[in-house]
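Worksheet for the structure shown next.
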Amino acid sequence: MLGQAGHWIHVDPADPRGQRLIASGGSLNPPSLAAWRLLLAEPGWTHVIDIGANYGEMLVNVGLPPGAAVIAAEPSPAVRARLARTLREAGIAADILDAALSDTEGTARLRIDPSWSGTTRLARPEEVAGMAVPVTTLGAVLRGAGLALPSLRAVVKIDVEGHEAAVLRGAMAELPALGGFAALVEVLHATPATLAWIERHFHIEMLRLDEVPALVAVPSGRFTAMLGCRALYRQDVVLRRRAGAGP
C-alpha cells in the first residue's frame, strides 16, 4: 500500500489494523500525523525515535530531519518484519529494536492482539499469558545513541497502549542532560494519576484542530480541562522538559 509520501507500507493483510491502513491511505489518525510533522519540522534534531512503530507509517509518511538518526522500537516479531521492509524500501536506515520499552530493563510478557496490532501491549503484573520479550528503557536507548547527551537532540513518538508514563520514567535521569527533547505521547488511555504526573514533570502542548494546525501551550493546572476542549486534539499531546522536575 502506498503511503502519503509515496513509499510502500507493508502490512499483514489479516490484521484489521493493516486493512484499515490500506483503506485510509496509510494514516489512521491524521491529527497525530499533523502534530508529529510539526515537531519533526523544528530545527536541529539529531535523533528520531519511534516507540511503538508498528508498520512504520509515522516514519515514512513524513519528512524526516536531514541527517537525523532513526530508531524504531517494535517488539512484535510479525509486525517488526514488515516494519523493517517498509523502512528499507523507503531508504530509511533505521536501527530497529526488537524490545519493548519501560522504566526498567529485563524481560516482560507481550500480549499480542490478533484482532488489532495497535493494541498489542505489555502484560500487567497480574497477567501471566504472553510472549517473553526483552525490555529496555528510553534512557538506555539515549545513552547508546552514539552522541554525548548534551549534543543529542531527540524527538520521540510514544504509543504503547497505556504504558507511556513508564517509558517516560525510564528516561527521567537522562532528560536534563539532553541538548533537546520533545515527545508526541498518546494520553488517550492515561489515568487521572498519570495525567497529573505528566503535568508535574513536563510542559504540555496540544494540537489545535484548525484549518492550519498548530501546537498551543497548556497553562499550568489546565491540562485536564483542556483535554475536554473539542477544538483541541486529545489523543496525543506534545511534552517538553520542565526545568527542575525530578523523577
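Chain lettering (A, B, ...) mirrors the order of the C-alpha cells, residue numbering begins at 1 for each chain separately, and ligand numbering begins at 1 in order of display.
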Among range 58-110 of chain A, which ones does DSSP place in alpha helix (DSSP H), written as a PDB file with N, CA and C atoms, in the first residue's frame?
```
ATOM      1  N   MET A  58       4.347   6.252  10.669  1.00  0.00           N
ATOM      2  CA  MET A  58       4.705   7.560  11.222  1.00  0.00           C
ATOM      3  C   MET A  58       6.143   7.957  10.866  1.00  0.00           C
ATOM      4  N   LEU A  59       6.859   7.077  10.199  1.00  0.00           N
ATOM      5  CA  LEU A  59       8.207   7.410   9.740  1.00  0.00           C
ATOM      6  C   LEU A  59       8.256   7.631   8.231  1.00  0.00           C
ATOM      7  N   VAL A  60       7.461   6.884   7.470  1.00  0.00           N
ATOM      8  CA  VAL A  60       7.541   7.023   6.017  1.00  0.00           C
ATOM      9  C   VAL A  60       6.535   8.025   5.451  1.00  0.00           C
ATOM     10  N   PRO A  77       7.215  -9.621  16.690  1.00  0.00           N
ATOM     11  CA  PRO A  77       8.050 -10.103  15.577  1.00  0.00           C
ATOM     12  C   PRO A  77       7.393  -9.985  14.211  1.00  0.00           C
ATOM     13  N   ALA A  78       6.130 -10.349  14.094  1.00  0.00           N
ATOM     14  CA  ALA A  78       5.468 -10.318  12.792  1.00  0.00           C
ATOM     15  C   ALA A  78       5.350  -8.890  12.266  1.00  0.00           C
ATOM     16  N   VAL A  79       4.996  -7.969  13.143  1.00  0.00           N
ATOM     17  CA  VAL A  79       4.883  -6.569  12.732  1.00  0.00           C
ATOM     18  C   VAL A  79       6.262  -5.998  12.431  1.00  0.00           C
ATOM     19  N   ARG A  80       7.243  -6.356  13.258  1.00  0.00           N
ATOM     20  CA  ARG A  80       8.594  -5.808  13.073  1.00  0.00           C
ATOM     21  C   ARG A  80       9.194  -6.198  11.725  1.00  0.00           C
ATOM     22  N   ALA A  81       8.918  -7.412  11.254  1.00  0.00           N
ATOM     23  CA  ALA A  81       9.434  -7.833   9.959  1.00  0.00           C
ATOM     24  C   ALA A  81       8.904  -6.930   8.845  1.00  0.00           C
ATOM     25  N   ARG A  82       7.642  -6.579   8.929  1.00  0.00           N
ATOM     26  CA  ARG A  82       7.056  -5.701   7.906  1.00  0.00           C
ATOM     27  C   ARG A  82       7.554  -4.269   8.075  1.00  0.00           C
ATOM     28  N   LEU A  83       7.744  -3.830   9.316  1.00  0.00           N
ATOM     29  CA  LEU A  83       8.328  -2.516   9.575  1.00  0.00           C
ATOM     30  C   LEU A  83       9.702  -2.415   8.924  1.00  0.00           C
ATOM     31  N   ALA A  84      10.527  -3.446   9.110  1.00  0.00           N
ATOM     32  CA  ALA A  84      11.879  -3.422   8.551  1.00  0.00           C
ATOM     33  C   ALA A  84      11.839  -3.308   7.036  1.00  0.00           C
ATOM     34  N   ARG A  85      10.927  -4.046   6.405  1.00  0.00           N
ATOM     35  CA  ARG A  85      10.818  -3.979   4.943  1.00  0.00           C
ATOM     36  C   ARG A  85      10.344  -2.606   4.498  1.00  0.00           C
ATOM     37  N   THR A  86       9.367  -2.047   5.202  1.00  0.00           N
ATOM     38  CA  THR A  86       8.867  -0.713   4.862  1.00  0.00           C
ATOM     39  C   THR A  86       9.983   0.315   4.907  1.00  0.00           C
ATOM     40  N   LEU A  87      10.742   0.326   5.996  1.00  0.00           N
ATOM     41  CA  LEU A  87      11.797   1.330   6.145  1.00  0.00           C
ATOM     42  C   LEU A  87      12.920   1.097   5.147  1.00  0.00           C
ATOM     43  N   ARG A  88      13.288  -0.153   4.931  1.00  0.00           N
ATOM     44  CA  ARG A  88      14.375  -0.452   3.994  1.00  0.00           C
ATOM     45  C   ARG A  88      14.018   0.030   2.589  1.00  0.00           C
ATOM     46  N   GLU A  89      12.795  -0.258   2.143  1.00  0.00           N
ATOM     47  CA  GLU A  89      12.400   0.127   0.790  1.00  0.00           C
ATOM     48  C   GLU A  89      12.223   1.636   0.659  1.00  0.00           C
TER      49      GLU A  89
END
```
Which neighbours of Val62 in chain A fall inside 12 Å, counting only C-alpha atoms, when residues of the same chain fewer than 4 positions from it are skipped, and could you give them as a PyMOL selection string?
chain A and resi 3-7+26-27+30+32-41+48+56-58+66+90+92
Go ahead and save the picked residues with N, CA and C atoms, as a PDB file, in the first residue's frame.
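As written to disk, selection24.pdb reads:
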```pdb
ATOM      1  N   GLY A   3       1.892   4.928   0.858  1.00  0.00           N
ATOM      2  CA  GLY A   3       1.571   5.930   1.851  1.00  0.00           C
ATOM      3  C   GLY A   3       1.523   7.321   1.245  1.00  0.00           C
ATOM      4  N   GLN A   4       1.305   8.316   2.093  1.00  0.00           N
ATOM      5  CA  GLN A   4       1.112   9.678   1.621  1.00  0.00           C
ATOM      6  C   GLN A   4       2.351  10.264   0.965  1.00  0.00           C
ATOM      7  N   ALA A   5       3.531   9.780   1.373  1.00  0.00           N
ATOM      8  CA  ALA A   5       4.772  10.301   0.800  1.00  0.00           C
ATOM      9  C   ALA A   5       5.266   9.469  -0.374  1.00  0.00           C
ATOM     10  N   GLY A   6       4.457   8.502  -0.821  1.00  0.00           N
ATOM     11  CA  GLY A   6       4.818   7.716  -1.982  1.00  0.00           C
ATOM     12  C   GLY A   6       5.655   6.497  -1.694  1.00  0.00           C
ATOM     13  N   HIS A   7       5.787   6.124  -0.409  1.00  0.00           N
ATOM     14  CA  HIS A   7       6.533   4.929  -0.050  1.00  0.00           C
ATOM     15  C   HIS A   7       5.564   3.787   0.258  1.00  0.00           C
ATOM     16  N   GLY A  26      -2.867   4.949   4.501  1.00  0.00           N
ATOM     17  CA  GLY A  26      -1.660   4.906   5.317  1.00  0.00           C
ATOM     18  C   GLY A  26      -1.658   5.815   6.522  1.00  0.00           C
ATOM     19  N   SER A  27      -2.765   6.471   6.841  1.00  0.00           N
ATOM     20  CA  SER A  27      -2.806   7.362   8.001  1.00  0.00           C
ATOM     21  C   SER A  27      -4.108   7.147   8.765  1.00  0.00           C
ATOM     22  N   PRO A  30      -5.003  11.288  11.258  1.00  0.00           N
ATOM     23  CA  PRO A  30      -4.397  12.473  10.643  1.00  0.00           C
ATOM     24  C   PRO A  30      -3.968  13.557  11.632  1.00  0.00           C
ATOM     25  N   SER A  32      -2.762  13.151  14.674  1.00  0.00           N
ATOM     26  CA  SER A  32      -1.497  12.694  15.254  1.00  0.00           C
ATOM     27  C   SER A  32      -0.360  12.930  14.275  1.00  0.00           C
ATOM     28  N   LEU A  33      -0.601  12.615  13.011  1.00  0.00           N
ATOM     29  CA  LEU A  33       0.421  12.813  11.994  1.00  0.00           C
ATOM     30  C   LEU A  33       0.738  14.297  11.830  1.00  0.00           C
ATOM     31  N   ALA A  34      -0.280  15.150  11.931  1.00  0.00           N
ATOM     32  CA  ALA A  34      -0.058  16.590  11.804  1.00  0.00           C
ATOM     33  C   ALA A  34       0.814  17.104  12.951  1.00  0.00           C
ATOM     34  N   ALA A  35       0.539  16.672  14.169  1.00  0.00           N
ATOM     35  CA  ALA A  35       1.346  17.103  15.310  1.00  0.00           C
ATOM     36  C   ALA A  35       2.774  16.596  15.179  1.00  0.00           C
ATOM     37  N   TRP A  36       2.929  15.361  14.739  1.00  0.00           N
ATOM     38  CA  TRP A  36       4.258  14.766  14.548  1.00  0.00           C
ATOM     39  C   TRP A  36       5.046  15.537  13.489  1.00  0.00           C
ATOM     40  N   ARG A  37       4.381  15.919  12.407  1.00  0.00           N
ATOM     41  CA  ARG A  37       5.059  16.692  11.367  1.00  0.00           C
ATOM     42  C   ARG A  37       5.532  18.041  11.898  1.00  0.00           C
ATOM     43  N   LEU A  38       4.710  18.680  12.727  1.00  0.00           N
ATOM     44  CA  LEU A  38       5.113  19.964  13.299  1.00  0.00           C
ATOM     45  C   LEU A  38       6.358  19.806  14.157  1.00  0.00           C
ATOM     46  N   LEU A  39       6.411  18.737  14.936  1.00  0.00           N
ATOM     47  CA  LEU A  39       7.600  18.504  15.758  1.00  0.00           C
ATOM     48  C   LEU A  39       8.824  18.231  14.894  1.00  0.00           C
ATOM     49  N   LEU A  40       8.673  17.357  13.912  1.00  0.00           N
ATOM     50  CA  LEU A  40       9.810  16.991  13.076  1.00  0.00           C
ATOM     51  C   LEU A  40      10.355  18.184  12.306  1.00  0.00           C
ATOM     52  N   ALA A  41       9.505  19.169  12.035  1.00  0.00           N
ATOM     53  CA  ALA A  41       9.939  20.343  11.272  1.00  0.00           C
ATOM     54  C   ALA A  41      10.760  21.319  12.110  1.00  0.00           C
ATOM     55  N   VAL A  48      15.529  10.723  15.696  1.00  0.00           N
ATOM     56  CA  VAL A  48      14.090  10.496  15.667  1.00  0.00           C
ATOM     57  C   VAL A  48      13.856   9.098  16.230  1.00  0.00           C
ATOM     58  N   GLY A  56       5.338   1.352  10.613  1.00  0.00           N
ATOM     59  CA  GLY A  56       6.251   2.401  10.186  1.00  0.00           C
ATOM     60  C   GLY A  56       5.621   3.590   9.510  1.00  0.00           C
ATOM     61  N   GLU A  57       4.295   3.686   9.587  1.00  0.00           N
ATOM     62  CA  GLU A  57       3.623   4.764   8.854  1.00  0.00           C
ATOM     63  C   GLU A  57       3.972   6.155   9.380  1.00  0.00           C
ATOM     64  N   MET A  58       4.347   6.252  10.669  1.00  0.00           N
ATOM     65  CA  MET A  58       4.705   7.560  11.222  1.00  0.00           C
ATOM     66  C   MET A  58       6.143   7.957  10.866  1.00  0.00           C
ATOM     67  N   PRO A  66      16.860  16.116   8.006  1.00  0.00           N
ATOM     68  CA  PRO A  66      18.060  15.700   7.273  1.00  0.00           C
ATOM     69  C   PRO A  66      19.198  15.336   8.226  1.00  0.00           C
ATOM     70  N   ALA A  90      11.973   2.317   1.788  1.00  0.00           N
ATOM     71  CA  ALA A  90      11.856   3.779   1.767  1.00  0.00           C
ATOM     72  C   ALA A  90      13.221   4.458   1.854  1.00  0.00           C
ATOM     73  N   ILE A  92      15.213   4.390   4.470  1.00  0.00           N
ATOM     74  CA  ILE A  92      15.447   4.893   5.833  1.00  0.00           C
ATOM     75  C   ILE A  92      16.316   3.882   6.568  1.00  0.00           C
TER      76      ILE A  92
END
```
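Atom pair CA of Arg234 in chain A / CA of Pro43 in chain A has a distance of 25.3 Å (rounded to one decimal).
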Closest of A:Glu127, A:Arg20, A:His189, A:Met226 to Glu205 in chain A - atom-to-atom distances counting only C-alpha atoms
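Nearest candidate to Glu205 in chain A out of A:Glu127, A:Arg20, A:His189, A:Met226: A:Met226.
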Would you mind listing what lies within 9 Å of range 154-169 of chain A as a PyMOL selection string, with only C-alpha atoms counted and same-chain residues fewer than 3 positions away left out?
chain A and resi 36+39-40+45-53+58+100-104+118-122+137-139+142+172-173+178-191+194-195+197-198+236+247
Please write the residues from the selection above to a file, keeping C-alpha atoms, as a PDB file, in the first residue's frame.
```
ATOM      1  CA  TRP A  36       4.258  14.766  14.548  1.00  0.00           C
ATOM      2  CA  LEU A  39       7.600  18.504  15.758  1.00  0.00           C
ATOM      3  CA  LEU A  40       9.810  16.991  13.076  1.00  0.00           C
ATOM      4  CA  TRP A  45      17.029  17.188  15.755  1.00  0.00           C
ATOM      5  CA  THR A  46      19.816  14.630  15.751  1.00  0.00           C
ATOM      6  CA  HIS A  47      17.629  11.586  16.510  1.00  0.00           C
ATOM      7  CA  VAL A  48      14.090  10.496  15.667  1.00  0.00           C
ATOM      8  CA  ILE A  49      12.821   7.726  17.958  1.00  0.00           C
ATOM      9  CA  ASP A  50       9.540   5.923  17.255  1.00  0.00           C
ATOM     10  CA  ILE A  51       8.439   3.775  20.204  1.00  0.00           C
ATOM     11  CA  GLY A  52       5.602   1.513  19.166  1.00  0.00           C
ATOM     12  CA  ALA A  53       6.476   1.943  15.496  1.00  0.00           C
ATOM     13  CA  MET A  58       4.705   7.560  11.222  1.00  0.00           C
ATOM     14  CA  ALA A 100       9.605  -3.143  24.416  1.00  0.00           C
ATOM     15  CA  LEU A 101      10.371  -0.007  26.414  1.00  0.00           C
ATOM     16  CA  SER A 102       9.508   0.572  30.041  1.00  0.00           C
ATOM     17  CA  ASP A 103      11.056   2.022  33.225  1.00  0.00           C
ATOM     18  CA  THR A 104      13.346  -0.965  33.915  1.00  0.00           C
ATOM     19  CA  GLY A 118      -2.087  -1.478  17.520  1.00  0.00           C
ATOM     20  CA  THR A 119      -3.428  -2.717  20.859  1.00  0.00           C
ATOM     21  CA  THR A 120      -0.637  -5.224  21.455  1.00  0.00           C
ATOM     22  CA  ARG A 121       0.820  -4.302  24.854  1.00  0.00           C
ATOM     23  CA  LEU A 122       2.948  -5.389  27.779  1.00  0.00           C
ATOM     24  CA  THR A 137      14.479   1.917  28.756  1.00  0.00           C
ATOM     25  CA  LEU A 138      14.400   5.127  26.791  1.00  0.00           C
ATOM     26  CA  GLY A 139      17.304   6.271  28.943  1.00  0.00           C
ATOM     27  CA  LEU A 142      19.514   7.616  24.522  1.00  0.00           C
ATOM     28  CA  MET A 172      13.900  10.945  33.567  1.00  0.00           C
ATOM     29  CA  ALA A 173      17.530  10.729  34.696  1.00  0.00           C
ATOM     30  CA  LEU A 178      19.992  16.271  26.611  1.00  0.00           C
ATOM     31  CA  GLY A 179      20.634  19.043  24.147  1.00  0.00           C
ATOM     32  CA  GLY A 180      16.961  18.942  23.201  1.00  0.00           C
ATOM     33  CA  PHE A 181      13.866  16.825  23.750  1.00  0.00           C
ATOM     34  CA  ALA A 182      10.240  16.714  22.660  1.00  0.00           C
ATOM     35  CA  ALA A 183       7.819  13.808  22.573  1.00  0.00           C
ATOM     36  CA  LEU A 184       4.463  13.110  20.974  1.00  0.00           C
ATOM     37  CA  VAL A 185       2.764  10.904  23.561  1.00  0.00           C
ATOM     38  CA  GLU A 186      -0.583   9.139  23.476  1.00  0.00           C
ATOM     39  CA  VAL A 187      -2.638  10.025  26.566  1.00  0.00           C
ATOM     40  CA  LEU A 188      -5.968   8.544  25.498  1.00  0.00           C
ATOM     41  CA  HIS A 189      -5.657   5.659  27.974  1.00  0.00           C
ATOM     42  CA  ALA A 190      -3.960   7.621  30.769  1.00  0.00           C
ATOM     43  CA  THR A 191      -5.415   7.557  34.266  1.00  0.00           C
ATOM     44  CA  THR A 194      -0.816   9.595  35.164  1.00  0.00           C
ATOM     45  CA  LEU A 195      -2.105  12.852  33.706  1.00  0.00           C
ATOM     46  CA  TRP A 197       2.300  13.095  36.880  1.00  0.00           C
ATOM     47  CA  ILE A 198       2.797  14.244  33.302  1.00  0.00           C
ATOM     48  CA  ASP A 236      -1.815  12.682  21.647  1.00  0.00           C
ATOM     49  CA  PRO A 247      11.881  11.533  38.668  1.00  0.00           C
TER      50      PRO A 247
END
```
Give me every strand (DSSP E) residue in range 24-77 of chain A, going by DSSP on the backbone, as a PyMOL selection string.
chain A and resi 47-51+69-73
The selected residues should be written to file as a PDB file, in the first residue's frame (atoms: N, CA and C atoms).
```pdb
ATOM      1  N   HIS A  47      18.184  12.939  16.434  1.00  0.00           N
ATOM      2  CA  HIS A  47      17.629  11.586  16.510  1.00  0.00           C
ATOM      3  C   HIS A  47      16.103  11.631  16.465  1.00  0.00           C
ATOM      4  N   VAL A  48      15.529  10.723  15.696  1.00  0.00           N
ATOM      5  CA  VAL A  48      14.090  10.496  15.667  1.00  0.00           C
ATOM      6  C   VAL A  48      13.856   9.098  16.230  1.00  0.00           C
ATOM      7  N   ILE A  49      13.044   9.007  17.285  1.00  0.00           N
ATOM      8  CA  ILE A  49      12.821   7.726  17.958  1.00  0.00           C
ATOM      9  C   ILE A  49      11.322   7.432  17.961  1.00  0.00           C
ATOM     10  N   ASP A  50      10.952   6.323  17.338  1.00  0.00           N
ATOM     11  CA  ASP A  50       9.540   5.923  17.255  1.00  0.00           C
ATOM     12  C   ASP A  50       9.347   4.686  18.131  1.00  0.00           C
ATOM     13  N   ILE A  51       8.661   4.860  19.241  1.00  0.00           N
ATOM     14  CA  ILE A  51       8.439   3.775  20.204  1.00  0.00           C
ATOM     15  C   ILE A  51       7.007   3.280  20.039  1.00  0.00           C
ATOM     16  N   ALA A  69      19.540  10.491  12.883  1.00  0.00           N
ATOM     17  CA  ALA A  69      19.495   9.039  13.036  1.00  0.00           C
ATOM     18  C   ALA A  69      18.078   8.628  13.417  1.00  0.00           C
ATOM     19  N   VAL A  70      17.650   7.463  12.940  1.00  0.00           N
ATOM     20  CA  VAL A  70      16.294   6.980  13.193  1.00  0.00           C
ATOM     21  C   VAL A  70      16.369   5.684  13.991  1.00  0.00           C
ATOM     22  N   ILE A  71      15.602   5.628  15.075  1.00  0.00           N
ATOM     23  CA  ILE A  71      15.487   4.430  15.906  1.00  0.00           C
ATOM     24  C   ILE A  71      14.009   4.085  15.992  1.00  0.00           C
ATOM     25  N   ALA A  72      13.676   2.829  15.696  1.00  0.00           N
ATOM     26  CA  ALA A  72      12.281   2.381  15.752  1.00  0.00           C
ATOM     27  C   ALA A  72      12.200   1.154  16.654  1.00  0.00           C
ATOM     28  N   ALA A  73      11.310   1.186  17.640  1.00  0.00           N
ATOM     29  CA  ALA A  73      11.130   0.066  18.565  1.00  0.00           C
ATOM     30  C   ALA A  73       9.801  -0.610  18.283  1.00  0.00           C
TER      31      ALA A  73
END
```
Mind giving me the straight-line distance from CA of Gly44 in chain A to CA of Phe223 in chain A in Å, one decimal?
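One can read the CA of Gly44 in chain A to CA of Phe223 in chain A distance as 27.9 Å.
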